[in-house]
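Trainee: Sharing target_10.cif, mmCIF, C-alpha atoms:
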data_input
loop_
_atom_site.label_atom_id
_atom_site.label_comp_id
_atom_site.auth_asym_id
_atom_site.auth_seq_id
_atom_site.Cartn_x
_atom_site.Cartn_y
_atom_site.Cartn_z
CA MET S 15 71.88 -36.71 -9.73
CA THR S 16 74.32 -34.44 -7.95
CA PRO S 17 76.98 -36.54 -6.19
CA ASN S 18 77.40 -37.07 -2.47
CA GLY S 19 80.95 -37.72 -1.40
CA SER S 20 79.84 -40.22 1.23
CA ARG S 21 77.90 -42.39 -1.18
CA THR S 22 78.81 -46.06 -1.10
CA ARG S 23 79.78 -47.55 -4.42
CA ALA S 24 80.32 -51.10 -3.24
CA ALA S 25 78.26 -54.15 -4.19
CA ALA S 26 76.28 -54.78 -7.31
CA SER S 27 72.84 -53.33 -7.96
CA THR S 28 69.68 -55.40 -7.77
CA SER S 29 69.52 -57.84 -10.63
CA ALA S 30 67.51 -56.71 -13.59
CA THR S 31 65.82 -60.09 -13.56
CA ALA S 32 63.96 -58.96 -10.45
CA ALA S 33 61.98 -56.58 -12.61
CA LEU S 34 59.50 -59.06 -14.04
CA LEU S 35 56.58 -56.88 -14.97
CA LEU S 36 53.16 -58.04 -13.97
CA GLY S 37 51.46 -55.73 -16.37
CA GLY S 38 53.80 -55.78 -19.37
CA LEU S 39 53.58 -52.43 -21.08
CA LEU S 40 49.95 -51.91 -20.14
CA MET S 41 48.92 -50.80 -16.71
CA SER S 42 45.28 -50.87 -15.64
CA CYS S 43 44.86 -48.13 -13.08
CA SER S 44 42.79 -45.10 -12.20
CA GLN S 45 41.91 -42.54 -14.83
CA PRO S 46 45.07 -40.52 -15.62
CA GLY S 47 44.33 -36.93 -16.44
CA GLY S 48 41.39 -37.54 -18.69
CA ASP S 49 42.10 -40.92 -20.35
CA SER S 50 38.65 -42.32 -21.07
CA THR S 51 39.85 -45.94 -21.10
CA GLY S 52 41.35 -45.90 -17.61
CA GLU S 53 44.49 -47.60 -18.98
CA VAL S 54 47.93 -46.05 -19.33
CA GLU S 55 50.01 -47.29 -22.21
CA ILE S 56 53.53 -45.98 -22.75
CA GLU S 57 55.09 -46.90 -26.06
CA ARG S 58 58.11 -49.11 -25.41
CA GLY S 59 59.57 -48.29 -28.83
CA LEU S 60 59.61 -44.58 -27.96
CA VAL S 61 61.37 -45.31 -24.68
CA ASP S 62 64.01 -47.41 -26.44
CA ARG S 63 64.64 -44.83 -29.15
CA VAL S 64 64.94 -41.80 -26.87
CA ILE S 65 67.17 -43.31 -24.20
CA THR S 66 69.40 -45.02 -26.77
CA THR S 67 69.92 -41.70 -28.53
CA LEU S 68 70.56 -39.66 -25.39
CA ALA S 69 73.00 -42.21 -23.97
CA SER S 70 74.85 -42.82 -27.23
CA ASP S 71 78.57 -42.12 -27.64
CA GLU S 72 77.63 -39.38 -30.10
CA MET S 73 76.42 -37.27 -27.15
CA GLU S 74 79.83 -37.63 -25.45
CA GLY S 75 78.33 -37.85 -21.98
CA ARG S 76 76.26 -34.63 -22.31
CA ALA S 77 78.50 -32.50 -20.07
CA ALA S 78 77.32 -28.94 -19.55
CA PHE S 79 79.06 -26.40 -21.82
CA SER S 80 80.08 -29.15 -24.28
CA ALA S 81 79.30 -29.91 -27.91
CA GLY S 82 77.70 -33.15 -26.74
CA ILE S 83 75.02 -31.46 -24.69
CA GLU S 84 74.22 -29.20 -27.64
CA ARG S 85 73.57 -32.28 -29.75
CA ALA S 86 71.35 -33.66 -27.00
CA ALA S 87 69.47 -30.35 -26.86
CA ASP S 88 68.90 -30.44 -30.63
CA PHE S 89 67.47 -33.94 -30.36
CA LEU S 90 65.14 -33.02 -27.49
CA VAL S 91 63.90 -29.93 -29.30
CA GLU S 92 63.04 -32.17 -32.25
CA GLU S 93 61.12 -34.49 -29.93
CA PHE S 94 59.10 -31.65 -28.38
CA ASP S 95 58.37 -30.34 -31.86
CA ARG S 96 57.29 -33.81 -33.05
CA ILE S 97 54.95 -34.17 -30.08
CA GLY S 98 53.41 -30.77 -30.78
CA LEU S 99 54.05 -29.08 -27.45
CA GLU S 100 53.56 -25.34 -27.08
CA THR S 101 56.41 -23.02 -26.21
CA LEU S 102 56.57 -21.20 -22.88
CA GLU S 103 55.61 -17.55 -22.61
CA GLY S 104 58.38 -15.28 -23.83
CA LEU S 105 60.19 -17.98 -25.80
CA ASP S 106 60.19 -18.38 -29.56
CA GLY S 107 61.23 -22.02 -29.35
CA PHE S 108 61.74 -24.86 -26.89
CA ARG S 109 65.19 -23.66 -25.82
CA GLN S 110 65.18 -21.59 -22.64
CA SER S 111 68.60 -20.07 -23.19
CA PHE S 112 70.59 -18.25 -20.53
CA THR S 113 74.16 -17.38 -19.59
CA VAL S 114 76.37 -18.51 -16.74
CA TYR S 115 79.30 -16.25 -15.95
CA SER S 116 82.69 -17.71 -15.13
CA LEU S 117 84.66 -15.41 -12.81
CA THR S 118 88.43 -15.71 -12.46
CA PRO S 119 90.37 -13.27 -10.24
CA GLU S 120 93.21 -11.63 -12.18
CA ASN S 121 94.77 -8.59 -10.52
CA SER S 122 94.64 -7.48 -6.92
CA ASP S 123 96.08 -4.74 -4.77
CA VAL S 124 94.89 -4.19 -1.21
CA VAL S 125 96.52 -1.64 1.09
CA LEU S 126 95.35 -1.25 4.68
CA ASN S 127 96.61 1.57 6.90
CA GLY S 128 99.45 2.16 4.47
CA GLU S 129 100.61 -1.47 4.47
CA PRO S 130 100.14 -3.85 1.51
CA VAL S 131 98.01 -6.90 2.33
CA ALA S 132 99.25 -10.27 1.07
CA ALA S 133 97.00 -11.96 -1.45
CA SER S 134 96.64 -14.88 0.96
CA ASP S 135 94.97 -12.61 3.52
CA PHE S 136 91.93 -11.38 1.62
CA PHE S 137 89.32 -12.59 -0.80
CA PHE S 138 86.79 -11.05 -3.13
CA MET S 139 83.50 -12.53 -1.98
CA ALA S 140 80.88 -11.46 -4.51
CA GLY S 141 79.56 -8.52 -6.48
CA ALA S 142 80.82 -6.39 -9.33
CA PRO S 143 83.72 -7.92 -11.32
CA GLN S 144 85.80 -4.73 -10.95
CA VAL S 145 86.40 -2.96 -7.64
CA SER S 146 88.27 0.28 -7.01
CA TRP S 147 87.81 1.63 -3.47
CA SER S 148 89.49 4.09 -1.16
CA GLN S 149 88.38 5.75 2.06
CA GLU S 150 87.00 8.65 0.00
CA ASP S 151 84.33 6.23 -1.30
CA GLN S 152 83.05 5.79 2.25
CA ILE S 153 82.58 2.05 1.91
CA ALA S 154 81.24 0.55 5.14
CA VAL S 155 83.95 -1.03 7.30
CA THR S 156 82.82 -3.80 9.66
CA HIS S 157 84.57 -6.32 11.91
CA ILE S 158 84.43 -10.02 12.72
CA SER S 159 85.98 -10.19 16.18
CA ASP S 160 87.42 -13.17 18.02
CA GLY S 161 84.13 -14.27 19.60
CA ASP S 162 81.89 -13.65 16.58
CA ASP S 163 80.30 -16.34 14.39
CA PHE S 164 82.23 -16.09 11.11
CA ALA S 165 79.93 -18.43 9.15
CA ASP S 166 76.79 -16.60 10.26
CA PHE S 167 78.28 -13.20 9.38
CA PHE S 168 79.37 -14.53 5.99
CA ALA S 169 75.88 -15.86 5.22
CA SER S 170 74.19 -12.59 6.20
CA SER S 171 76.65 -10.56 4.13
CA ARG S 172 75.56 -12.39 1.00
CA ARG S 173 72.02 -11.17 1.55
CA ASN S 174 73.10 -7.56 2.14
CA PRO S 175 72.89 -5.35 -0.99
CA SER S 176 75.46 -2.90 0.39
CA SER S 177 79.20 -3.11 -0.23
CA ALA S 178 81.54 -3.53 2.71
CA LEU S 179 85.16 -4.02 3.72
CA VAL S 180 85.25 -6.63 6.48
CA LEU S 181 88.22 -6.92 8.85
CA VAL S 182 88.53 -10.46 10.18
CA ASP S 183 90.36 -11.26 13.42
CA PRO S 184 93.19 -13.82 12.93
CA ALA S 185 91.41 -16.11 15.40
CA HIS S 186 89.22 -17.13 12.45
CA ARG S 187 92.18 -18.01 10.19
CA ASP S 188 91.27 -21.68 9.59
CA LEU S 189 87.69 -21.01 8.50
CA PHE S 190 88.76 -17.86 6.67
CA ASN S 191 91.24 -19.87 4.58
CA ARG S 192 88.56 -22.40 3.64
CA TYR S 193 86.34 -19.65 2.24
CA ARG S 194 89.27 -17.88 0.59
CA GLY S 195 90.27 -21.09 -1.17
CA PHE S 196 86.91 -21.11 -2.92
CA PHE S 197 86.63 -17.43 -3.79
CA SER S 198 90.21 -17.02 -4.96
CA GLY S 199 89.67 -19.55 -7.76
CA SER S 200 87.40 -19.60 -10.77
CA ARG S 201 83.71 -19.87 -10.03
CA ARG S 202 80.42 -19.53 -11.85
CA VAL S 203 77.41 -17.34 -11.16
CA LEU S 204 74.05 -16.74 -12.82
CA GLU S 205 74.12 -12.98 -12.38
CA LEU S 206 76.72 -10.22 -12.37
CA SER S 207 75.96 -7.84 -9.55
CA GLU S 208 76.74 -4.14 -9.74
CA GLY S 209 76.65 -3.74 -5.97
CA GLY S 210 76.85 -5.61 -2.74
CA THR S 211 80.54 -6.43 -3.09
CA VAL S 212 82.15 -7.64 0.12
CA VAL S 213 85.93 -7.88 0.57
CA PHE S 214 87.20 -9.79 3.61
CA VAL S 215 90.68 -9.08 4.98
CA LEU S 216 92.39 -11.17 7.65
CA THR S 217 94.14 -8.64 9.87
CA GLY S 218 95.00 -7.81 13.43
CA ALA S 219 94.37 -4.13 12.76
CA GLY S 220 91.70 -2.70 14.98
CA ASP S 221 90.36 -0.40 12.27
CA ALA S 222 90.91 0.83 8.74
CA GLU S 223 92.12 4.39 9.07
CA SER S 224 92.99 4.29 5.38
CA TYR S 225 92.57 1.67 2.66
CA ARG S 226 92.82 1.09 -1.04
CA VAL S 227 91.22 -1.91 -2.77
CA GLU S 228 91.85 -2.62 -6.46
CA LEU S 229 90.46 -5.94 -7.75
CA THR S 230 89.97 -7.15 -11.31
CA THR S 231 88.11 -10.28 -12.38
CA ARG S 232 88.06 -11.91 -15.81
CA VAL S 233 84.48 -12.64 -16.89
CA GLU S 234 83.64 -15.35 -19.41
CA GLU S 235 80.11 -15.86 -20.70
CA MET S 236 79.05 -19.52 -20.92
CA PRO S 237 75.74 -20.28 -22.69
CA LEU S 238 73.34 -22.96 -21.48
CA ALA S 239 69.76 -23.95 -22.29
CA ASN S 240 66.90 -25.80 -20.65
CA ILE S 241 64.45 -27.52 -22.99
CA ALA S 242 60.87 -26.59 -22.09
CA GLY S 243 57.39 -27.02 -23.52
CA LYS S 244 53.80 -27.11 -22.29
CA ILE S 245 50.25 -28.29 -22.80
CA THR S 246 47.86 -25.49 -21.88
CA GLY S 247 45.04 -26.66 -19.63
CA GLU S 248 41.74 -25.15 -18.61
CA ARG S 249 43.50 -23.52 -15.65
CA THR S 250 46.40 -21.53 -17.03
CA ASP S 251 47.63 -20.30 -13.64
CA GLU S 252 47.91 -23.77 -12.11
CA LEU S 253 50.96 -25.64 -13.36
CA VAL S 254 52.03 -29.26 -13.00
CA LEU S 255 55.72 -29.68 -13.79
CA PHE S 256 57.33 -32.87 -15.11
CA SER S 257 61.11 -32.57 -15.15
CA ALA S 258 64.49 -34.27 -15.33
CA HIS S 259 68.04 -33.18 -16.10
CA TYR S 260 69.49 -34.07 -19.47
CA ASP S 261 73.14 -33.32 -18.72
CA HIS S 262 75.70 -35.77 -17.35
CA ILE S 263 79.43 -35.68 -16.56
CA GLY S 264 80.89 -36.07 -20.05
CA ILE S 265 84.22 -37.70 -20.83
CA ARG S 266 86.35 -39.10 -18.01
CA THR S 267 89.90 -37.93 -18.57
CA GLY S 268 92.59 -40.49 -17.93
CA ALA S 269 90.22 -43.45 -18.28
CA GLU S 270 91.56 -46.46 -20.13
CA GLY S 271 89.41 -47.87 -22.91
CA ASP S 272 85.89 -46.45 -22.82
CA SER S 273 86.11 -42.88 -21.48
CA ILE S 274 82.54 -41.69 -22.13
CA ALA S 275 80.24 -41.55 -19.13
CA ASN S 276 77.02 -41.98 -21.11
CA GLY S 277 74.68 -41.37 -18.18
CA ALA S 278 71.98 -43.79 -19.32
CA ASN S 279 70.40 -44.08 -15.88
CA ASP S 280 71.59 -40.66 -14.62
CA ASP S 281 69.59 -39.10 -16.09
CA ALA S 282 68.79 -40.12 -19.64
CA SER S 283 66.19 -42.36 -18.02
CA GLY S 284 64.41 -39.39 -16.42
CA SER S 285 64.72 -37.31 -19.59
CA THR S 286 63.21 -40.16 -21.59
CA ALA S 287 60.34 -40.30 -19.10
CA VAL S 288 59.60 -36.58 -19.59
CA VAL S 289 59.49 -37.02 -23.37
CA ALA S 290 57.26 -40.10 -23.04
CA LEU S 291 54.94 -38.32 -20.59
CA ALA S 292 54.64 -35.32 -22.91
CA ASP S 293 53.81 -37.69 -25.75
CA TYR S 294 51.25 -39.49 -23.59
CA PHE S 295 49.45 -36.42 -22.25
CA MET S 296 49.36 -34.78 -25.68
CA GLU S 297 47.21 -37.69 -26.87
CA ARG S 298 44.71 -37.23 -24.04
CA ARG S 299 41.96 -34.65 -23.92
CA ARG S 300 42.87 -31.15 -22.78
CA PRO S 301 44.00 -31.33 -19.11
CA GLU S 302 42.40 -29.29 -16.38
CA ARG S 303 45.73 -27.90 -15.19
CA THR S 304 48.49 -26.68 -17.48
CA LEU S 305 51.34 -29.17 -17.87
CA LEU S 306 55.00 -28.12 -18.16
CA PHE S 307 57.67 -30.48 -19.47
CA VAL S 308 61.17 -29.24 -18.67
CA LEU S 309 64.58 -30.82 -19.17
CA PHE S 310 67.15 -29.02 -17.05
CA THR S 311 70.76 -28.44 -17.99
CA ALA S 312 73.81 -28.37 -15.71
CA GLU S 313 72.33 -30.26 -12.76
CA GLU S 314 75.67 -32.01 -12.37
CA SER S 315 77.56 -28.69 -12.53
CA GLY S 316 75.73 -26.68 -9.90
CA GLY S 317 72.02 -26.89 -10.70
CA TYR S 318 72.09 -23.79 -12.91
CA GLY S 319 69.24 -24.95 -15.15
CA SER S 320 66.68 -25.34 -12.37
CA GLN S 321 67.93 -22.17 -10.67
CA TYR S 322 67.39 -20.14 -13.82
CA PHE S 323 64.01 -21.74 -14.51
CA SER S 324 62.78 -20.98 -11.00
CA ARG S 325 63.36 -17.26 -11.58
CA GLN S 326 61.25 -17.11 -14.74
CA LEU S 327 57.82 -17.69 -13.22
CA ASP S 328 55.90 -17.34 -10.00
CA PRO S 329 56.55 -20.52 -7.97
CA GLU S 330 53.10 -20.13 -6.38
CA ARG S 331 51.65 -21.16 -9.75
CA ILE S 332 53.34 -24.58 -9.62
CA VAL S 333 51.04 -26.94 -7.74
CA ALA S 334 53.37 -29.96 -8.04
CA MET S 335 56.74 -30.95 -9.48
CA PHE S 336 57.40 -34.51 -10.62
CA ASN S 337 61.19 -34.62 -10.91
CA ILE S 338 62.29 -37.95 -12.36
CA GLU S 339 65.75 -39.28 -11.47
CA MET S 340 67.37 -42.61 -12.31
CA ILE S 341 64.42 -44.92 -12.98
CA GLY S 342 66.32 -47.40 -15.15
CA LYS S 343 66.88 -50.03 -12.46
CA PRO S 344 64.34 -51.80 -10.22
CA ALA S 345 64.07 -50.76 -6.58
CA VAL S 346 65.01 -53.13 -3.77
CA GLU S 347 61.36 -53.26 -2.66
CA GLY S 348 60.33 -54.95 -5.90
CA PRO S 349 59.81 -54.48 -9.65
CA ASN S 350 56.69 -52.31 -9.47
CA THR S 351 57.77 -49.85 -6.82
CA ALA S 352 59.30 -46.36 -6.81
CA TRP S 353 60.37 -44.07 -4.00
CA ILE S 354 59.81 -40.37 -3.44
CA THR S 355 62.33 -38.01 -1.86
CA GLY S 356 61.14 -35.68 0.88
CA PHE S 357 57.98 -37.77 1.31
CA GLU S 358 57.19 -36.24 4.72
CA ARG S 359 57.55 -32.63 3.54
CA SER S 360 54.20 -32.37 1.72
CA SER S 361 51.14 -34.48 0.89
CA PHE S 362 52.51 -35.16 -2.63
CA GLY S 363 53.52 -38.75 -1.86
CA GLU S 364 50.26 -39.61 -0.16
CA ILE S 365 48.32 -38.35 -3.18
CA LEU S 366 50.40 -40.55 -5.48
CA GLN S 367 49.85 -43.55 -3.21
CA ARG S 368 46.07 -43.07 -3.31
CA ALA S 369 46.10 -42.61 -7.08
CA VAL S 370 47.62 -46.07 -7.68
CA GLU S 371 45.58 -47.98 -5.10
CA GLY S 372 44.29 -51.19 -6.65
CA SER S 373 47.03 -51.19 -9.29
CA ILE S 374 50.24 -53.21 -9.41
CA TYR S 375 52.35 -50.21 -8.50
CA THR S 376 53.46 -48.76 -5.15
CA PHE S 377 55.08 -45.45 -4.18
CA TYR S 378 56.84 -45.16 -0.84
CA PRO S 379 59.22 -42.83 1.05
CA ASP S 380 62.89 -42.55 0.12
CA PRO S 381 64.64 -45.53 1.78
CA TYR S 382 68.03 -43.79 1.82
CA PRO S 383 67.59 -40.87 4.28
CA THR S 384 71.30 -40.60 5.02
CA GLN S 385 71.98 -39.83 1.34
CA ASN S 386 70.12 -36.48 1.62
CA LEU S 387 68.64 -37.09 -1.84
CA PHE S 388 65.85 -34.53 -1.49
CA PHE S 389 68.44 -31.76 -1.77
CA ARG S 390 70.63 -33.39 -4.42
CA SER S 391 68.50 -32.92 -7.51
CA ASP S 392 66.71 -30.14 -9.35
CA ASN S 393 63.58 -30.42 -7.21
CA ALA S 394 65.45 -28.77 -4.32
CA THR S 395 65.59 -25.36 -6.00
CA LEU S 396 61.80 -25.13 -6.27
CA ALA S 397 61.15 -26.91 -2.97
CA ARG S 398 63.04 -24.11 -1.22
CA LEU S 399 60.47 -21.75 -2.74
CA GLY S 400 57.62 -23.79 -1.23
CA VAL S 401 56.72 -25.86 -4.30
CA PRO S 402 55.67 -29.49 -3.57
CA ALA S 403 58.71 -30.57 -5.59
CA HIS S 404 59.87 -34.15 -5.19
CA SER S 405 62.10 -36.58 -7.06
CA ILE S 406 60.86 -40.01 -8.05
CA SER S 407 63.46 -42.75 -8.41
CA THR S 408 63.88 -46.52 -8.34
CA THR S 409 67.63 -47.14 -8.37
CA PRO S 410 69.27 -48.69 -5.26
CA ILE S 411 71.50 -45.65 -4.98
CA ASP S 412 73.60 -46.91 -2.07
CA VAL S 413 74.93 -49.94 -3.96
CA ASP S 414 74.70 -48.94 -7.62
CA PRO S 415 78.10 -49.73 -9.20
CA ASP S 416 77.44 -47.66 -12.32
CA TYR S 417 76.72 -44.27 -10.76
CA HIS S 418 78.95 -41.63 -12.41
CA GLN S 419 80.94 -44.37 -14.12
CA VAL S 420 81.56 -45.11 -17.79
CA SER S 421 79.60 -48.32 -17.17
CA ASP S 422 76.30 -46.37 -16.94
CA GLU S 423 75.15 -47.73 -20.30
CA VAL S 424 71.72 -48.61 -21.67
CA GLU S 425 72.68 -52.29 -21.48
CA THR S 426 72.73 -52.08 -17.67
CA LEU S 427 69.10 -50.94 -17.51
CA ASP S 428 65.78 -52.77 -17.43
CA LEU S 429 63.72 -50.94 -20.03
CA ASP S 430 60.57 -52.93 -19.29
CA HIS S 431 60.77 -51.77 -15.69
CA MET S 432 61.48 -48.22 -16.85
CA THR S 433 58.52 -48.16 -19.24
CA ASN S 434 56.25 -49.46 -16.50
CA THR S 435 57.52 -46.80 -14.09
CA ILE S 436 56.68 -44.05 -16.58
CA ALA S 437 53.16 -45.49 -16.88
CA ALA S 438 52.88 -45.48 -13.09
CA ILE S 439 53.90 -41.82 -12.92
CA ALA S 440 51.31 -40.93 -15.56
CA THR S 441 48.67 -42.74 -13.54
CA ALA S 442 49.74 -41.32 -10.19
CA ALA S 443 49.66 -37.78 -11.58
CA GLY S 444 46.03 -38.19 -12.59
CA THR S 445 44.22 -36.54 -9.70
CA ILE S 446 46.71 -33.66 -9.60
CA VAL S 447 46.49 -33.05 -13.35
CA SER S 448 42.69 -33.17 -13.18
CA GLY S 449 42.59 -30.66 -10.33
CA GLU S 450 40.91 -33.10 -7.95
CA GLU S 451 43.80 -32.96 -5.48
CA THR S 452 46.45 -30.38 -4.65
CA PRO S 453 49.55 -31.22 -2.60
CA THR S 454 50.33 -29.11 0.44
CA ARG S 455 53.20 -26.65 0.05
CA VAL S 456 56.65 -27.53 1.32
CA SER S 457 57.24 -25.71 4.60
CA MET S 458 60.34 -23.51 4.74
CA GLU S 459 60.70 -24.36 8.42
CA GLU S 460 61.16 -28.02 7.55
CA GLN S 461 64.14 -27.31 5.33
#
Kindly return the structure encoded in the file as structure tokens.

Mentor:
Amino acid sequence: MTPNGSRTRAAASTSATAALLLGGLLMSCSQPGGDSTGEVEIERGLVDRVITTLASDEMEGRAAFSAGIERAADFLVEEFDRIGLETLEGLDGFRQSFTVYSLTPENSDVVLNGEPVAASDFFFMAGAPQVSWSQEDQIAVTHISDGDDFADFFASSRRNPSSALVLVDPAHRDLFNRYRGFFSGSRRVLELSEGGTVVFVLTGAGDAESYRVELTTRVEEMPLANIAGKITGERTDELVLFSAHYDHIGIRTGAEGDSIANGANDDASGSTAVVALADYFMERRRPERTLLFVLFTAEESGGYGSQYFSRQLDPERIVAMFNIEMIGKPAVEGPNTAWITGFERSSFGEILQRAVEGSIYTFYPDPYPTQNLFFRSDNATLARLGVPAHSISTTPIDVDPDYHQVSDEVETLDLDHMTNTIAAIATAAGTIVSGEETPTRVSMEEQ
């Protein structure tokens, strides 16, 4: 899960002994997506094997762009192949490979009205990696005056496909410097734009009678890959997505003793759930709706995996997204409970609640509203596109002592609880997978 700087790390998490399972590994519930017995059984041995492998020292904390995450990807590809999933359209395997571009400013020369501009007084916002402008190019020149809203202008400029030279009144110096601090350093983007470059200059000049802008950026290509597979249903244009992120934060430099942040709970637990759910649904009869199983990369590094995935298909086709985050520890409400982020934003949570009525399991709204968890995981990217995309979790996030620490090891988890939670998700997904119910779309106005 993407960090929140205000998160409390005090106090110990709920004792694992609180997770006494009433149903063991077998959960008698409503019919899940075509299971004729009405019982959901998740293989505990599979859960143990997958999470132990993903959270092993061999994976070196699964940091994006590392050798460790490549080993994790190889393992997950083998699991999808073992299960017998199909590949997504346009892919020749389970890797959905893409490139992130690292941009580092190198050379700069800005002259305004015949006077050189100090590097501290301009920044290269976005666009083509190389810029060479003069007044002969007739680049649009605009102004942010003393009384204007700098942040609003900045946001609108990012949506404008046209290039521009923006003269910023010194009254905005403080906010200007905050933005410049970001854009003057290295940053990563999913796409290299050939247009829409905006250069901001802090100046008291009323206009740009003449200018010259020469900017050069070093571009480094950085490969990444989501792991994705599917089970084709009767309805090929209606997709139910089960997801988690398989990356973590890697090796903690400067740590004494153990330096590997294994990320067992965050989010090897969710990744294990996706593998187990794929294994489970593959053994059922053909589902009504098509099921996607996707493990996102680089959630901890900017959400690049889910961002890339969201651009590869029509989000209107996704009727629901079950994003699984940190289910290795029992919730404070009890051993057979899980919470759903953004519960009020669609009817997704209510559908899950109805699906497990009469069972031992309960789903309820996120009890940590101040943590802003709905927007801190991969579900947020698709939710912003209207998809009923929600994260399901159980960990007491406000008091978990192992979050983003080297202590996030398999030994700190309750695997009985985790196995039971996966079974509950399989059950709760039943009426959505079968096409009986469809969650309402997430409203853009509510975001």

Trainee: Starting from the PyMOL selection byres ((chain S and resi 409) around 7), expand the selection into actual residues of this file and give them as a PyMOL selection string.

Mentor: chain S and resi 340-345+407-408+410-411

Trainee: Give me the residues within 6 Å of S:Trp353 as an MDAnalysis selection string, counting only C-alpha atoms and dropping any in the same chain fewer than 6 places off.

Mentor: chainID S and resid 377:380 406:407

Trainee: May I ask which of the residues S:Ala169, S:Met73, S:Ile241, S:Ile97 is the closest one to S:Thr311, counting all atoms listed in the file?

Mentor: S:Ile241

Trainee: Tell me which of S:His404, S:Arg303, S:Arg63, S:Arg109 sits closest to S:Thr452, counting all atoms listed in the file.

Mentor: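 Among the listed residues, S:Arg303 lies closest to S:Thr452.
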
Trainee: In terms of the shortest atom-to-atom distance over all atoms listed in the file, which of S:Gly247, S:Gly277, S:Gly220, S:Gly316 is closest to S:Thr426?

Mentor: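 Of all the options, S:Gly277 lies closest to S:Thr426.
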
Trainee: Please provide as an NGL selection string all residues within 7 Å of stretch 110-127 of chain S, with the sequence filter that same-chain residues fewer than 5 positions apart are discarded (counting only C-alpha atoms).

Mentor: :S and (105 or 198-204 or 222-242)

Trainee: Convert the current residue selection to file output with C-alpha atoms, as a compact mmCIF listing (two decimals), in the coordinates of the input.

Mentor:
# COMPACT_ATOMS: atom_id res chain seq x y z
CA LEU S 105 60.19 -17.98 -25.80
CA SER S 198 90.21 -17.02 -4.96
CA GLY S 199 89.67 -19.55 -7.76
CA SER S 200 87.40 -19.60 -10.77
CA ARG S 201 83.71 -19.87 -10.03
CA ARG S 202 80.42 -19.53 -11.85
CA VAL S 203 77.41 -17.34 -11.16
CA LEU S 204 74.05 -16.74 -12.82
CA ALA S 222 90.91 0.83 8.74
CA GLU S 223 92.12 4.39 9.07
CA SER S 224 92.99 4.29 5.38
CA TYR S 225 92.57 1.67 2.66
CA ARG S 226 92.82 1.09 -1.04
CA VAL S 227 91.22 -1.91 -2.77
CA GLU S 228 91.85 -2.62 -6.46
CA LEU S 229 90.46 -5.94 -7.75
CA THR S 230 89.97 -7.15 -11.31
CA THR S 231 88.11 -10.28 -12.38
CA ARG S 232 88.06 -11.91 -15.81
CA VAL S 233 84.48 -12.64 -16.89
CA GLU S 234 83.64 -15.35 -19.41
CA GLU S 235 80.11 -15.86 -20.70
CA MET S 236 79.05 -19.52 -20.92
CA PRO S 237 75.74 -20.28 -22.69
CA LEU S 238 73.34 -22.96 -21.48
CA ALA S 239 69.76 -23.95 -22.29
CA ASN S 240 66.90 -25.80 -20.65
CA ILE S 241 64.45 -27.52 -22.99
CA ALA S 242 60.87 -26.59 -22.09

Trainee: Can you tell me how far atom CA of S:Thr101 sits from atom CA of S:Leu255, in Å to one decimal?

Mentor: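 Value for the atom CA of S:Thr101-atom CA of S:Leu255 distance: 14.1 Å.
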
Trainee: What separation in Å, quoted to one decimal, exists between atom CA of S:Leu179 and atom CA of S:Asp135?

Mentor: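 Going from atom CA of S:Leu179 over to atom CA of S:Asp135, I get 13.0 Å.
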
Trainee: Got a sec: who's within 6 Å of S:Ala334, counting all atoms listed in the file, leaving out chain neighbours fewer than 5 positions off, as a list in words?

Mentor: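 Neighbouring residues, sequence-local ones excluded: Val254, Pro402 and Ala403 of chain S.
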
Trainee: Atom CA of S:Gln367 to atom CA of S:Asp293: how many Å, to one decimal?

Mentor: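 Computing it gives 23.6 Å between the two atoms.
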